[in-house]
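Structure first, then comments.
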Amino acid sequence: MFTKWFHKFKGRSLTIAMGLSLSLLIGCSSDKQQSSALTIGILQTASHPALDRAREGFMQELTEKTHGQVHFVVQNAEGSIAQARSIAQSFHANSQINGIFAIATPAAQAAASIEKSKPIFFAAVTDPVKAGLTQANLCGTTDMIDVQGEIDMLQAFVPDAKRVAIVFNPAEINAVTIKDKMAEELEKRGVEVIQLGVSQESEMALAVTSAVKKCDVLLTPTDNTVALTLPIIARIARVHYKPLIVSDNLLVEKGALASRGVDYFQSGKKAAFLADEVFSGRKFPKELRGVGSDKTSVIVNQDVLHELELTVPDSWMAEVTFVTDRQQRKKG
């Protein structure tokens, strides 16, 4: 039972050794050090800049909080649900692994479906309840964006927008959850919404080309399919002089106009804080559950802003970090 496992580590002084090599056990070399160190299995849904940043933030923060000795077993499912379940099963069967850090909803669901005892920490999950991540050994950080704030930004930057096309993959729970909130908020403000569900990367170019002829702005939730095809979406939007607003800050330098999204590095750090709370004996996972991000950041692509002949209102300048295509830089 989890309670029995938890008390095994409660009050113990834990140390963690930083490591980044994938699929390797990383840490102290001596048997004595290995027996006293914590081992965390990291299950990442796919290779993605935001998910990479969440992993990096988690590993860095947990290392700092626990003064230096840990072993990380890092595995990437590369988008395969079957592979995610296989990795989760291997973590469950490995008695050396004391807990799991699952990055993104599919990884968290795979881990939760198999592991009922060891604690599971997650990040990059938009709606833990809707995703079924409610069992007692789970807690983590959500990446639900400030939807109202994102729509505020859209209307501030493109005040004449009357029709907004939301591009999303209907098979992704996170994307659908945010899409629904976006549509509701836009309609509340009298803006017409075009919902553009695209399930396959190969269908994205045709779908977006059709959508830009009917809308004033393209808008996307956090969505893996959108992230993978963002260069295509951005190119089409720019050719047709249509603003593209995204929800993942790391995508702005790939050609979107702007984002008001979550900092995934900070989200990973917060998940590590929750892990430290559990392993130090201060809290049980069920007492922590899903914790939101402290704040969101406004990122604007200066190149796209100039191409579209748009301006950032003075009232927003203090919140904005400007980037250029594939290259970030702060204003001022």
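Residues are referred to by chain and number: the chain letter is A, B, ... according to the order shown in the structure tokens, the number counts from 1 in that chain, and ligands are numbered separately from 1 in the order shown.
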May I have the residues within 7 Å of Val167 of chain A as a JSON list (two decimals) with all heavy atoms, in the first residue's frame, using only C-alpha atoms and disregarding those fewer than 6 positions away in the same chain?
```json
[["chain", "number", "residue", "atom", "x", "y", "z"],
["A", 195, "GLN", "N", -14.65, 26.42, -35.34],
["A", 195, "GLN", "CA", -13.88, 25.34, -34.72],
["A", 195, "GLN", "C", -13.29, 24.44, -35.81],
["A", 195, "GLN", "O", -14.03, 23.83, -36.58],
["A", 195, "GLN", "CB", -14.76, 24.53, -33.77],
["A", 195, "GLN", "CG", -15.29, 25.36, -32.62],
["A", 195, "GLN", "CD", -15.89, 24.52, -31.51],
["A", 195, "GLN", "OE1", -15.62, 23.32, -31.38],
["A", 195, "GLN", "NE2", -16.71, 25.15, -30.68],
["A", 196, "LEU", "N", -11.96, 24.38, -35.84],
["A", 196, "LEU", "CA", -11.26, 23.64, -36.88],
["A", 196, "LEU", "C", -10.53, 22.45, -36.24],
["A", 196, "LEU", "O", -9.40, 22.56, -35.78],
["A", 196, "LEU", "CB", -10.25, 24.56, -37.59],
["A", 196, "LEU", "CG", -9.55, 24.00, -38.81],
["A", 196, "LEU", "CD1", -10.54, 23.77, -39.95],
["A", 196, "LEU", "CD2", -8.44, 24.94, -39.29],
["A", 197, "GLY", "N", -11.20, 21.31, -36.19],
["A", 197, "GLY", "CA", -10.60, 20.11, -35.64],
["A", 197, "GLY", "C", -9.79, 19.36, -36.68],
["A", 197, "GLY", "O", -10.32, 19.00, -37.73],
["A", 219, "LEU", "N", -6.39, 30.93, -33.74],
["A", 219, "LEU", "CA", -6.12, 30.76, -32.32],
["A", 219, "LEU", "C", -5.94, 29.28, -32.04],
["A", 219, "LEU", "O", -6.69, 28.45, -32.56],
["A", 219, "LEU", "CB", -7.29, 31.31, -31.50],
["A", 219, "LEU", "CG", -7.27, 31.15, -29.98],
["A", 219, "LEU", "CD1", -6.10, 31.94, -29.37],
["A", 219, "LEU", "CD2", -8.59, 31.61, -29.38],
["A", 220, "THR", "N", -4.95, 28.93, -31.21],
["A", 220, "THR", "CA", -4.73, 27.52, -30.89],
["A", 220, "THR", "C", -4.58, 27.32, -29.38],
["A", 220, "THR", "O", -3.97, 28.14, -28.70],
["A", 220, "THR", "CB", -3.48, 26.94, -31.57],
["A", 220, "THR", "OG1", -2.30, 27.47, -30.93],
["A", 220, "THR", "CG2", -3.43, 27.29, -33.05]]
```
Please build the interface table for segment 168-266 of chain A against segment 291-315 of chain A with a cut-off of 8 Å, listing for each qualifying residue the nearest atom pair and the distance in Å to one decimal; count only C-alpha atoms, order rows by chain and increasing number, and write it as a Markdown table.
```
| residue | atom | partner | partner_atom | distance |
| --- | --- | --- | --- | --- |
| A:Arg238 | CA | A:Val304 | CA | 7.7 |
| A:Tyr241 | CA | A:Leu308 | CA | 6.0 |
| A:Lys242 | CA | A:Leu308 | CA | 7.5 |
| A:Pro243 | CA | A:Leu308 | CA | 7.4 |
| A:Asn249 | CA | A:Ile299 | CA | 6.2 |
| A:Val252 | CA | A:Asn301 | CA | 6.0 |
| A:Glu253 | CA | A:Asn301 | CA | 6.1 |
| A:Gly255 | CA | A:Val304 | CA | 6.9 |
| A:Ala256 | CA | A:Asn301 | CA | 6.7 |
| A:Leu257 | CA | A:Asn301 | CA | 5.2 |
| A:Ala258 | CA | A:Val300 | CA | 4.3 |
| A:Ser259 | CA | A:Ile299 | CA | 5.3 |
| A:Arg260 | CA | A:Val298 | CA | 4.4 |
| A:Gly261 | CA | A:Thr296 | CA | 5.2 |
| A:Val262 | CA | A:Thr296 | CA | 4.9 |
| A:Asp263 | CA | A:Thr296 | CA | 6.7 |
| A:Gln266 | CA | A:Ser293 | CA | 7.9 |
```
Check your understanding: How would you write, as a list in words, the set of residues in segment 46-168 of chain A that DSSP gives as strand (DSSP E)?
Key -> Val70, His71, Phe72, Val73, Val74, Gln75, Asn76, Gly99, Ile100, Phe101, Ala102, Ile103, Ile120, Phe121, Phe122, Ala123, Ala124, Val125, Leu138, Cys139, Gly140, Thr141, Thr142, Arg163, Val164, Ala165, Ile166, Val167 and Phe168 of chain A
Dump as a tab-separated table the rows for residues of segment 198-286 of chain A within 12 Å of segment 82-106 of chain A: closest atom pair and distance in Å with one decimal, only C-alpha atoms counted, ordered by chain and rising residue number.
```
residue	atom	partner	partner_atom	distance
A:Thr222	CA	A:Ala104	CA	11.0
A:Asp223	CA	A:Ala104	CA	10.7
A:Asn224	CA	A:Ala104	CA	10.0
A:Tyr264	CA	A:Ile103	CA	10.5
A:Phe265	CA	A:Ile103	CA	11.8
A:Ser267	CA	A:Ile103	CA	10.5
A:Gly268	CA	A:Ile103	CA	8.8
A:Lys269	CA	A:Phe101	CA	11.7
A:Ala271	CA	A:Phe101	CA	8.4
A:Ala272	CA	A:Phe101	CA	8.9
A:Leu274	CA	A:Phe101	CA	10.9
A:Ala275	CA	A:Gly99	CA	8.8
A:Asp276	CA	A:Gly99	CA	11.3
A:Val278	CA	A:Gly99	CA	10.2
A:Phe279	CA	A:Gly99	CA	9.3
A:Pro285	CA	A:Gly99	CA	11.4
```
Output C-alpha atoms for every residue in that selection, as an mmCIF file, in the first residue's frame.
```cif
data_model
loop_
_atom_site.group_PDB
_atom_site.id
_atom_site.type_symbol
_atom_site.label_atom_id
_atom_site.label_comp_id
_atom_site.auth_asym_id
_atom_site.auth_seq_id
_atom_site.Cartn_x
_atom_site.Cartn_y
_atom_site.Cartn_z
ATOM 1 C CA THR A 222 -1.900 23.858 -26.117
ATOM 2 C CA ASP A 223 -1.919 20.950 -28.543
ATOM 3 C CA ASN A 224 0.801 18.487 -29.604
ATOM 4 C CA TYR A 264 6.892 24.923 -18.492
ATOM 5 C CA PHE A 265 10.270 25.136 -16.795
ATOM 6 C CA SER A 267 5.809 24.147 -13.974
ATOM 7 C CA GLY A 268 8.423 21.382 -13.728
ATOM 8 C CA LYS A 269 10.050 23.144 -10.788
ATOM 9 C CA ALA A 271 6.170 19.602 -9.554
ATOM 10 C CA ALA A 272 9.568 19.012 -7.939
ATOM 11 C CA LEU A 274 5.462 18.798 -4.583
ATOM 12 C CA ALA A 275 7.752 15.757 -4.790
ATOM 13 C CA ASP A 276 9.923 17.213 -2.044
ATOM 14 C CA VAL A 278 5.908 14.106 -0.281
ATOM 15 C CA PHE A 279 9.349 12.551 0.161
ATOM 16 C CA PRO A 285 -0.036 13.308 -2.756
#
```
Practice item. Would you return as number ranges by chain the members of segment 64-306 of chain A that DSSP assigns to helix (DSSP H, G or I) on this structure's backbone? Key: A: 64-65, 81-93, 105-114, 147-157, 173-188, 201-211, 224-239, 249-254, 264-279, 285-288, 302-306
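Minimum atom-to-atom distance to Met144 of chain A, evaluated using only C-alpha atoms, belongs to A:Ser247 out of A:Ser247, A:Thr321, A:Ser47, A:Ser202.
Across the structure, atom CA of Ile194 of chain A and atom CA of Ala161 of chain A are spaced 12.7 Å apart.
Here atom CA of Asp180 of chain A and atom CA of Trp316 of chain A stand 25.9 Å from one another.
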Which residues are close to Ala227 of chain A, i.e. within 10 Å by only C-alpha atoms, leaving aside same-chain residues fewer than 4 positions away? Reply as an mmCIF file with C-alpha atoms, in the first residue's frame.
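Listed below is the output, around_25.cif:
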```cif
data_model
loop_
_atom_site.group_PDB
_atom_site.id
_atom_site.type_symbol
_atom_site.label_atom_id
_atom_site.label_comp_id
_atom_site.auth_asym_id
_atom_site.auth_seq_id
_atom_site.Cartn_x
_atom_site.Cartn_y
_atom_site.Cartn_z
ATOM 1 C CA HIS A 48 8.608 18.518 -27.456
ATOM 2 C CA PRO A 49 10.313 21.744 -26.325
ATOM 3 C CA ALA A 50 7.701 22.475 -23.642
ATOM 4 C CA THR A 220 -4.735 27.515 -30.885
ATOM 5 C CA PRO A 221 -4.853 25.844 -27.448
ATOM 6 C CA THR A 222 -1.900 23.858 -26.117
ATOM 7 C CA ASP A 223 -1.919 20.950 -28.543
ATOM 8 C CA PRO A 231 5.791 26.092 -38.928
ATOM 9 C CA ILE A 232 3.169 25.104 -41.525
ATOM 10 C CA ILE A 233 0.344 26.921 -39.735
ATOM 11 C CA VAL A 246 -0.925 30.320 -29.674
ATOM 12 C CA SER A 247 -0.985 29.050 -26.080
ATOM 13 C CA ASP A 248 2.554 27.671 -25.900
ATOM 14 C CA LEU A 250 7.894 28.371 -27.052
ATOM 15 C CA LEU A 251 6.002 28.395 -30.366
ATOM 16 C CA LYS A 254 8.473 29.706 -34.751
#
```
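Using only C-alpha atoms for every distance, the candidate list A:Phe322, A:Phe72, A:Phe284, A:Phe122 yields A:Phe122 as the residue closest to Ala54 of chain A.
Among the candidate residues A:Gln148, A:Thr324, A:Asn76, A:Thr39, the one lying nearest to Arg55 of chain A is A:Asn76, with distances computed using only C-alpha atoms.
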